[in-house]
>>> print(open('data_39.txt').read())   # compact mmCIF, C-alpha atoms
# COMPACT_ATOMS: atom_id res chain seq x y z
CA MET Q 1375 79.55 -2.35 -15.73
CA LYS Q 1376 78.57 -1.09 -19.16
CA THR Q 1377 74.86 -1.52 -19.82
CA ARG Q 1378 73.97 -2.79 -23.27
CA PRO Q 1379 71.48 -0.49 -25.03
CA LEU Q 1380 67.90 -1.58 -25.51
CA PRO Q 1381 66.65 -1.96 -29.09
CA GLU Q 1382 64.74 1.18 -30.01
CA THR Q 1383 61.44 -0.58 -30.70
CA ASP Q 1384 61.58 -2.37 -27.35
CA LEU Q 1385 62.46 0.91 -25.65
CA ALA Q 1386 59.37 2.49 -27.23
CA THR Q 1387 57.25 -0.37 -25.85
CA ILE Q 1388 58.66 -0.28 -22.31
CA ALA Q 1389 59.50 3.38 -21.63
CA PRO Q 1390 55.88 4.75 -21.44
CA LEU Q 1391 54.77 2.09 -18.93
CA PRO Q 1392 54.20 2.82 -15.23
CA VAL Q 1393 57.34 2.21 -13.20
CA GLU Q 1394 56.38 -1.20 -11.78
CA ASP Q 1395 55.18 -2.45 -15.17
CA LYS Q 1396 58.42 -1.14 -16.61
CA ARG Q 1397 60.44 -3.06 -14.03
CA ARG Q 1398 58.55 -6.30 -14.70
CA ALA Q 1399 58.99 -5.88 -18.46
CA LEU Q 1400 62.73 -5.29 -18.09
CA GLN Q 1401 63.16 -8.20 -15.68
CA SER Q 1402 61.63 -10.53 -18.25
CA PHE Q 1403 63.49 -8.94 -21.18
CA ARG Q 1404 66.49 -10.74 -22.65
CA LEU Q 1405 69.04 -9.32 -25.04
CA GLY Q 1406 70.16 -12.03 -27.38
CA ILE Q 1407 70.76 -12.76 -31.01
CA PRO Q 1408 67.43 -12.77 -32.91
CA PRO Q 1409 66.87 -15.45 -35.58
CA TYR Q 1410 67.08 -12.80 -38.28
CA SER Q 1411 67.26 -9.06 -38.91
CA TYR Q 1412 65.20 -6.79 -41.13
CA THR Q 1413 68.30 -4.83 -42.13
CA PRO Q 1414 68.31 -6.16 -45.73
CA CYS Q 1415 64.82 -4.84 -46.52
CA ARG Q 1416 65.38 -1.64 -44.55
CA SER Q 1417 68.44 -0.93 -46.69
CA SER Q 1418 66.23 -1.33 -49.78
CA PHE Q 1419 63.47 1.06 -48.68
CA ALA Q 1420 64.96 3.94 -50.69
CA ASP Q 1421 64.75 1.84 -53.86
CA ILE Q 1422 61.30 0.45 -53.07
CA LEU Q 1423 59.96 3.94 -52.37
CA ASN Q 1424 61.75 5.29 -55.45
CA LEU Q 1425 63.26 8.17 -53.49
CA GLU Q 1426 65.79 8.96 -56.20
CA ALA Q 1427 62.90 10.01 -58.44
CA GLY Q 1428 62.10 12.94 -56.16
CA MET Q 1429 58.74 14.41 -55.25
CA LEU Q 1430 57.53 14.53 -58.84
CA GLY Q 1431 58.28 10.87 -59.47
CA GLU Q 1432 60.05 11.49 -62.77
CA LEU Q 1433 61.66 8.04 -62.80
CA PRO Q 1434 59.87 4.67 -62.85
CA MET Q 1435 60.11 2.34 -59.87
CA PRO Q 1436 63.06 -0.05 -60.04
CA PRO Q 1437 62.01 -3.53 -61.23
CA TRP Q 1438 61.11 -5.94 -58.45
CA PRO Q 1439 63.71 -8.59 -59.47
CA SER Q 1440 66.54 -6.09 -58.91
CA VAL Q 1441 65.18 -5.14 -55.47
CA MET Q 1442 64.78 -8.80 -54.54
CA GLY Q 1443 68.30 -9.56 -55.76
CA VAL Q 1444 69.84 -6.96 -53.46
CA ILE Q 1445 67.92 -8.34 -50.48
CA GLN Q 1446 69.07 -11.86 -51.32
CA GLN Q 1447 72.68 -10.71 -51.45
CA LYS Q 1448 72.45 -8.95 -48.08
CA SER Q 1449 70.58 -11.73 -46.25
CA LYS Q 1450 72.67 -14.01 -44.02
CA SER Q 1451 70.36 -17.02 -44.11
CA ARG Q 1452 67.46 -18.49 -46.03
CA VAL Q 1453 65.09 -17.65 -43.17
CA GLU Q 1454 66.27 -14.03 -43.12
CA GLU Q 1455 65.98 -13.79 -46.89
CA GLU Q 1456 62.40 -15.06 -46.89
CA ALA Q 1457 61.32 -12.77 -44.01
CA ASN Q 1458 62.83 -9.69 -45.65
CA ILE Q 1459 61.48 -10.45 -49.12
CA ARG Q 1460 57.95 -10.82 -47.78
CA VAL Q 1461 58.09 -7.40 -46.11
CA ALA Q 1462 59.74 -5.78 -49.13
CA ALA Q 1463 57.25 -7.36 -51.54
CA GLY Q 1464 54.32 -6.06 -49.52
CA LEU Q 1465 55.75 -2.57 -49.43
CA TYR Q 1466 56.63 -2.68 -53.14
CA GLU Q 1467 53.06 -3.62 -54.09
CA TYR Q 1468 51.66 -0.94 -51.78
CA ALA Q 1469 54.00 1.75 -53.15
CA ALA Q 1470 53.06 0.89 -56.73
CA GLN Q 1471 49.34 0.84 -55.97
CA MET Q 1472 49.40 4.11 -54.00
CA GLY Q 1473 51.80 5.86 -56.35
CA LEU Q 1474 54.07 6.76 -53.44
CA ARG Q 1475 56.77 9.28 -54.13
CA GLY Q 1476 59.15 11.22 -51.97
CA ARG Q 1477 62.74 12.24 -51.37
CA LYS Q 1478 65.56 11.41 -49.03
CA ASP Q 1479 65.98 13.71 -46.08
CA GLU Q 1480 68.53 13.17 -43.33
CA PHE Q 1481 67.38 14.03 -39.82
CA ARG Q 1482 69.65 14.14 -36.81
CA PRO Q 1483 69.12 11.48 -34.11
CA MET Q 1484 67.30 12.40 -30.91
CA PRO Q 1485 69.78 12.86 -28.03
CA THR Q 1486 68.86 11.67 -24.52
CA ARG Q 1487 70.26 12.17 -21.03
CA VAL Q 1488 71.51 8.57 -20.94
CA GLY Q 1489 73.74 9.18 -23.95
CA GLU Q 1490 71.68 7.13 -26.40
CA ASN Q 1491 70.90 8.78 -29.74
CA LEU Q 1492 67.55 7.46 -30.94
CA VAL Q 1493 66.09 7.27 -34.45
CA TYR Q 1494 62.40 6.51 -34.96
CA TRP Q 1495 61.99 7.36 -38.63
CA THR Q 1496 63.13 6.50 -42.11
CA PRO Q 1497 65.26 9.37 -43.50
CA ALA Q 1498 62.69 10.39 -46.07
CA VAL Q 1499 59.68 12.59 -46.73
CA LEU Q 1500 56.87 10.84 -48.61
CA ILE Q 1501 53.81 12.30 -50.28
CA VAL Q 1502 50.78 10.38 -48.98
CA ASN Q 1503 47.29 11.56 -49.87
CA GLU Q 1504 48.86 14.74 -51.24
CA ARG Q 1505 50.47 15.59 -47.91
CA PRO Q 1506 54.13 15.25 -46.87
CA LEU Q 1507 54.65 12.49 -44.31
CA ILE Q 1508 57.61 11.28 -42.21
CA PRO Q 1509 57.40 7.46 -42.04
CA PHE Q 1510 58.44 4.87 -39.48
CA PHE Q 1511 58.36 1.26 -40.70
CA HIS Q 1512 57.74 -1.53 -38.19
CA PRO Q 1513 58.33 -4.87 -39.94
CA ARG Q 1514 58.19 -7.07 -36.82
CA ARG Q 1515 55.24 -9.44 -36.69
CA THR Q 1516 54.29 -8.25 -33.19
CA ARG Q 1517 52.20 -5.08 -33.40
CA LEU Q 1518 53.09 -1.97 -31.46
CA SER Q 1519 51.02 -1.07 -28.41
CA ARG Q 1520 49.04 2.16 -28.30
CA LEU Q 1521 51.57 3.65 -25.88
CA ALA Q 1522 54.50 2.57 -28.06
CA ARG Q 1523 52.95 4.29 -31.08
CA ARG Q 1524 52.38 7.43 -28.99
CA PHE Q 1525 56.02 7.33 -27.85
CA ILE Q 1526 57.30 6.95 -31.42
CA PHE Q 1527 55.06 9.69 -32.80
CA SER Q 1528 56.23 11.96 -29.99
CA MET Q 1529 59.89 11.27 -30.72
CA ILE Q 1530 59.42 12.10 -34.40
CA ASN Q 1531 57.44 15.22 -33.53
CA GLU Q 1532 60.04 16.56 -31.11
CA ARG Q 1533 63.02 15.87 -33.32
CA ILE Q 1534 61.58 16.90 -36.69
CA ARG Q 1535 58.52 19.15 -36.35
CA VAL Q 1536 59.48 21.03 -33.18
CA ASP Q 1537 63.15 21.39 -34.10
CA ASN Q 1538 62.51 22.57 -37.65
CA PRO Q 1539 59.60 24.94 -38.42
CA ASP Q 1540 59.83 23.96 -42.12
CA TYR Q 1541 58.37 20.60 -41.13
CA ARG Q 1542 55.69 21.76 -38.69
CA ASP Q 1543 52.85 20.75 -41.04
CA VAL Q 1544 54.10 17.29 -42.06
CA ALA Q 1545 52.10 14.24 -41.07
CA LEU Q 1546 53.70 11.47 -39.03
CA GLY Q 1547 53.05 7.88 -40.03
CA ILE Q 1548 53.75 4.39 -38.67
CA TYR Q 1549 53.57 1.51 -41.13
CA GLU Q 1550 52.93 -1.90 -39.59
CA PHE Q 1551 52.89 -5.05 -41.72
CA GLU Q 1552 50.38 -7.87 -41.87
CA ALA Q 1553 51.37 -10.91 -39.81
CA ASN Q 1554 50.14 -13.41 -42.40
CA ASP Q 1555 51.90 -16.77 -42.74
CA ALA Q 1556 52.57 -16.70 -46.49
CA GLY Q 1557 53.03 -14.22 -49.30
CA PRO Q 1558 53.76 -10.49 -49.19
CA ARG Q 1559 53.12 -8.72 -45.91
CA ARG Q 1560 51.29 -5.55 -46.90
CA PRO Q 1561 51.72 -2.42 -44.78
CA ALA Q 1562 48.95 -0.50 -43.03
CA LEU Q 1563 49.40 3.17 -42.19
CA GLN Q 1564 48.50 4.87 -38.92
CA VAL Q 1565 48.97 8.63 -38.60
CA ASP Q 1566 49.31 10.83 -35.54
CA GLU Q 1567 46.00 12.67 -35.92
CA GLY Q 1568 44.06 12.89 -32.66
CA ILE Q 1569 46.93 11.53 -30.56
CA GLU Q 1570 48.13 13.50 -27.54
CA LEU Q 1571 51.90 13.63 -27.84
CA PHE Q 1572 54.49 13.50 -25.08
CA SER Q 1573 56.77 16.49 -24.57
CA TYR Q 1574 60.54 16.23 -24.88
CA GLU Q 1575 60.83 16.47 -21.09
CA GLN Q 1576 58.42 13.56 -20.65
CA LEU Q 1577 60.23 11.46 -23.26
CA ASP Q 1578 63.63 12.13 -21.74
CA ALA Q 1579 62.35 11.30 -18.25
CA MET Q 1580 60.83 8.03 -19.51
CA VAL Q 1581 64.08 7.00 -21.20
CA GLY Q 1582 66.16 7.99 -18.18
CA GLU Q 1583 63.93 6.03 -15.78
CA THR Q 1584 63.90 3.01 -18.09
CA TYR Q 1585 67.68 2.90 -18.32
CA ALA Q 1586 68.08 3.37 -14.55
CA ILE Q 1587 65.92 0.28 -13.98
CA TRP Q 1588 67.64 -1.57 -16.83
CA ARG Q 1589 71.04 -0.98 -15.17
CA GLU Q 1590 69.68 -2.38 -11.91
CA VAL Q 1591 68.34 -5.45 -13.71
CA CYS Q 1592 71.63 -6.01 -15.56
CA GLU Q 1593 73.70 -5.60 -12.38
CA ALA Q 1594 71.47 -8.06 -10.51
CA ARG Q 1595 71.86 -10.61 -13.30
CA ALA Q 1596 75.64 -10.11 -13.33
CA GLN Q 1597 75.82 -10.67 -9.56
CA GLU Q 1598 73.71 -13.82 -9.89
CA THR Q 1599 76.01 -15.09 -12.62
CA ARG Q 1600 79.13 -14.46 -10.50
CA ARG Q 1601 77.61 -16.43 -7.62
CA ARG Q 1602 77.20 -19.50 -9.78
CA PRO Q 1603 80.15 -21.92 -9.62
CA THR Q 1604 80.18 -22.46 -13.36
CA GLY Q 1605 80.09 -18.73 -14.12
CA THR Q 1606 77.33 -19.26 -16.64
CA GLY Q 1607 73.99 -17.60 -16.74
CA PRO Q 1608 71.37 -15.96 -18.94
CA LEU Q 1609 72.26 -13.35 -21.51
CA LEU Q 1610 71.76 -9.76 -20.39
>>> encode(input="data_39.txt", output="structure tokens")
Amino acid sequence: MKTRPLPETDLATIAPLPVEDKRRALQSFRLGIPPYSYTPCRSSFADILNLEAGMLGELPMPPWPSVMGVIQQKSKSRVEEEANIRVAAGLYEYAAQMGLRGRKDEFRPMPTRVGENLVYWTPAVLIVNERPLIPFFHPRRTRLSRLARRFIFSMINERIRVDNPDYRDVALGIYEFEANDAGPRRPALQVDEGIELFSYEQLDAMVGETYAIWREVCEARAQETRRRPTGTGPLL
């Protein structure tokens, strides 16, 4: 049977765990349809970060009403619209306050032995505190674990800094957003300084082991579903 891929953020959370913790996490994990997606605000990050202006920031930031209008058009429900606007508004305020500037930069996905191509970055280089930085934005309300952040930093490092010497001195940053109940959700930056990074071999082994267990879990669920007279069961 074809195994459905794990969302990249969930993979980052589960893959670095010890094998038995990994198995328990995957056994309790359910792939379903979330109540909303952060795709609308993600698609607006280039505008919010004013990437078209380039490193020198020659152009002013686009007005907030135009950014909000695009998010409203792309949102599929009122709940999704509100969730995305709150993240985008927090990032917009932060970018204006910090004077963020940068440029678009496409980076190839990270290949793995299981055939999944992973992306743990926004295709951009920002200038933060006068240093170039590759960002990863995490808009979910649940914060990343220490191991998940280490996994993500390591993925960015292997794909961008190790693969391309021109980027060996860039900083790596993860932006997580406040989990407040109302108003803009402002981002907070964590950088990779002082963090011991995984090697490519370690990352690939973690992903391979995770997907081997995930296939076992999915096959066991499929067998359980087939044994039921109604043929119904939980989502994989």
>>> atom_distance(input="data_39.txt", atom1="atom CA of Q:Ile1445", atom2="atom CA of Q:Ile1422")
11.3 Å
>>> closest_residue(input="data_39.txt", among="Q:Pro1561, Q:Pro1539, Q:Pro1390, Q:Pro1381", to="Q:Arg1524", atoms="only C-alpha atoms")
Q:Pro1390
>>> residues_around(input="data_39.txt", residues="Q:Asp1421", least_positions_apart="6", cutoff="12 Å", atoms="all atoms listed in the file", output="PyMOL selection string")
chain Q and resi 1414-1415+1427-1428+1433-1442+1444-1445+1462+1465-1466+1469+1474-1478+1498
>>> closest_residue(input="data_39.txt", among="Q:Thr1516, Q:Arg1600, Q:Ile1587, Q:Val1565", to="Q:Ala1399", atoms="all atoms listed in the file")
Q:Ile1587
>>> residues_near_point(input="data_39.txt", point="(65.2, -9.8, -16.4)", cutoff="12 Å", atoms="all atoms listed in the file", output="list in words")
Lys1396, Arg1397, Arg1398, Ala1399, Leu1400, Gln1401, Ser1402, Phe1403, Arg1404, Leu1405, Ile1587, Trp1588, Arg1589, Glu1590, Val1591, Cys1592, Glu1593, Ala1594, Arg1595, Ala1596, Glu1598, Gly1607, Pro1608, Leu1609 and Leu1610 of chain Q
>>> write_last_selection(input="data_39.txt", atoms="C-alpha atoms", output="PDB file, keeping the file's coordinate frame")
ATOM      1  CA  LYS Q1396      58.420  -1.140 -16.610  1.00  0.00           C
ATOM      2  CA  ARG Q1397      60.440  -3.060 -14.030  1.00  0.00           C
ATOM      3  CA  ARG Q1398      58.550  -6.300 -14.700  1.00  0.00           C
ATOM      4  CA  ALA Q1399      58.990  -5.880 -18.460  1.00  0.00           C
ATOM      5  CA  LEU Q1400      62.730  -5.290 -18.090  1.00  0.00           C
ATOM      6  CA  GLN Q1401      63.160  -8.200 -15.680  1.00  0.00           C
ATOM      7  CA  SER Q1402      61.630 -10.530 -18.250  1.00  0.00           C
ATOM      8  CA  PHE Q1403      63.490  -8.940 -21.180  1.00  0.00           C
ATOM      9  CA  ARG Q1404      66.490 -10.740 -22.650  1.00  0.00           C
ATOM     10  CA  LEU Q1405      69.040  -9.320 -25.040  1.00  0.00           C
ATOM     11  CA  ILE Q1587      65.920   0.280 -13.980  1.00  0.00           C
ATOM     12  CA  TRP Q1588      67.640  -1.570 -16.830  1.00  0.00           C
ATOM     13  CA  ARG Q1589      71.040  -0.980 -15.170  1.00  0.00           C
ATOM     14  CA  GLU Q1590      69.680  -2.380 -11.910  1.00  0.00           C
ATOM     15  CA  VAL Q1591      68.340  -5.450 -13.710  1.00  0.00           C
ATOM     16  CA  CYS Q1592      71.630  -6.010 -15.560  1.00  0.00           C
ATOM     17  CA  GLU Q1593      73.700  -5.600 -12.380  1.00  0.00           C
ATOM     18  CA  ALA Q1594      71.470  -8.060 -10.510  1.00  0.00           C
ATOM     19  CA  ARG Q1595      71.860 -10.610 -13.300  1.00  0.00           C
ATOM     20  CA  ALA Q1596      75.640 -10.110 -13.330  1.00  0.00           C
ATOM     21  CA  GLU Q1598      73.710 -13.820  -9.890  1.00  0.00           C
ATOM     22  CA  GLY Q1607      73.990 -17.600 -16.740  1.00  0.00           C
ATOM     23  CA  PRO Q1608      71.370 -15.960 -18.940  1.00  0.00           C
ATOM     24  CA  LEU Q1609      72.260 -13.350 -21.510  1.00  0.00           C
ATOM     25  CA  LEU Q1610      71.760  -9.760 -20.390  1.00  0.00           C
TER      26      LEU Q1610
END
>>> residues_around(input="data_39.txt", residues="Q:Phe1527", least_positions_apart="3", cutoff="7 Å", atoms="only C-alpha atoms", output="PyMOL selection string")
chain Q and resi 1523-1524+1530-1531+1546+1566
>>> write_last_selection(input="data_39.txt", atoms="C-alpha atoms", output="mmCIF file, keeping the file's coordinate frame")
data_model
loop_
_atom_site.group_PDB
_atom_site.id
_atom_site.type_symbol
_atom_site.label_atom_id
_atom_site.label_comp_id
_atom_site.auth_asym_id
_atom_site.auth_seq_id
_atom_site.Cartn_x
_atom_site.Cartn_y
_atom_site.Cartn_z
ATOM 1 C CA ARG Q 1523 52.950 4.290 -31.080
ATOM 2 C CA ARG Q 1524 52.380 7.430 -28.990
ATOM 3 C CA ILE Q 1530 59.420 12.100 -34.400
ATOM 4 C CA ASN Q 1531 57.440 15.220 -33.530
ATOM 5 C CA LEU Q 1546 53.700 11.470 -39.030
ATOM 6 C CA ASP Q 1566 49.310 10.830 -35.540
#
>>> residues_around(input="data_39.txt", residues="Q:His1512", least_positions_apart="6", cutoff="9 Å", atoms="only C-alpha atoms", output="list of chain:residue names")
Q:Thr1383, Q:Leu1518, Q:Ile1548, Q:Tyr1549, Q:Glu1550, Q:Phe1551, Q:Pro1561
>>> residues_around(input="data_39.txt", residues="stretch 1575-1582 of chain Q", least_positions_apart="2", cutoff="8 Å", atoms="all atoms listed in the file", output="PyMOL selection string")
chain Q and resi 1385+1389-1390+1486-1488+1525+1528-1529+1572-1573+1584-1586
>>> closest_residue(input="data_39.txt", among="Q:Glu1583, Q:Tyr1494, Q:Asp1395, Q:Gly1443", to="Q:Phe1510", atoms="only C-alpha atoms")
Q:Tyr1494
>>> atom_distance(input="data_39.txt", atom1="atom CA of Q:Ile1508", atom2="atom CA of Q:Pro1483")
14.1 Å
>>> closest_residue(input="data_39.txt", among="Q:Ala1562, Q:Met1472, Q:Ala1556, Q:Ile1534", to="Q:Arg1460", atoms="all atoms listed in the file")
Q:Ala1556
>>> build_atoms(input="data_39.txt", residues="stretch 1556-1572 of chain Q", atoms="N, CA and C atoms", output="short mmCIF file (atom, residue, chain, number, x, y, z; two decimals), in the coordinates of the input")
data_model
loop_
_atom_site.label_atom_id
_atom_site.label_comp_id
_atom_site.auth_asym_id
_atom_site.auth_seq_id
_atom_site.Cartn_x
_atom_site.Cartn_y
_atom_site.Cartn_z
N ALA Q 1556 52.02 -16.44 -45.15
CA ALA Q 1556 52.57 -16.70 -46.49
C ALA Q 1556 52.31 -15.50 -47.37
N GLY Q 1557 53.21 -15.30 -48.34
CA GLY Q 1557 53.03 -14.22 -49.30
C GLY Q 1557 53.49 -12.88 -48.77
N PRO Q 1558 53.35 -11.84 -49.60
CA PRO Q 1558 53.76 -10.49 -49.19
C PRO Q 1558 53.01 -10.01 -47.96
N ARG Q 1559 53.72 -9.31 -47.10
CA ARG Q 1559 53.12 -8.72 -45.91
C ARG Q 1559 52.86 -7.24 -46.20
N ARG Q 1560 51.63 -6.92 -46.51
CA ARG Q 1560 51.29 -5.55 -46.90
C ARG Q 1560 51.27 -4.63 -45.69
N PRO Q 1561 51.69 -3.37 -45.88
CA PRO Q 1561 51.72 -2.42 -44.78
C PRO Q 1561 50.37 -1.74 -44.58
N ALA Q 1562 50.12 -1.32 -43.36
CA ALA Q 1562 48.95 -0.50 -43.03
C ALA Q 1562 49.45 0.74 -42.31
N LEU Q 1563 48.93 1.89 -42.71
CA LEU Q 1563 49.40 3.17 -42.19
C LEU Q 1563 48.53 3.67 -41.05
N GLN Q 1564 49.17 4.14 -39.99
CA GLN Q 1564 48.50 4.87 -38.92
C GLN Q 1564 49.18 6.22 -38.78
N VAL Q 1565 48.40 7.28 -38.72
CA VAL Q 1565 48.97 8.63 -38.60
C VAL Q 1565 48.72 9.17 -37.19
N ASP Q 1566 49.34 10.30 -36.90
CA ASP Q 1566 49.31 10.83 -35.54
C ASP Q 1566 48.10 11.71 -35.24
N GLU Q 1567 47.16 11.79 -36.15
CA GLU Q 1567 46.00 12.67 -35.92
C GLU Q 1567 45.20 12.22 -34.70
N GLY Q 1568 44.88 13.18 -33.84
CA GLY Q 1568 44.06 12.89 -32.66
C GLY Q 1568 44.82 12.26 -31.52
N ILE Q 1569 46.13 12.15 -31.61
CA ILE Q 1569 46.93 11.53 -30.56
C ILE Q 1569 47.62 12.62 -29.74
N GLU Q 1570 47.45 12.55 -28.43
CA GLU Q 1570 48.13 13.50 -27.54
C GLU Q 1570 49.59 13.08 -27.43
N LEU Q 1571 50.49 13.96 -27.79
CA LEU Q 1571 51.90 13.63 -27.84
C LEU Q 1571 52.62 13.98 -26.54
N PHE Q 1572 53.64 13.20 -26.23
CA PHE Q 1572 54.49 13.50 -25.08
C PHE Q 1572 55.41 14.67 -25.41
#
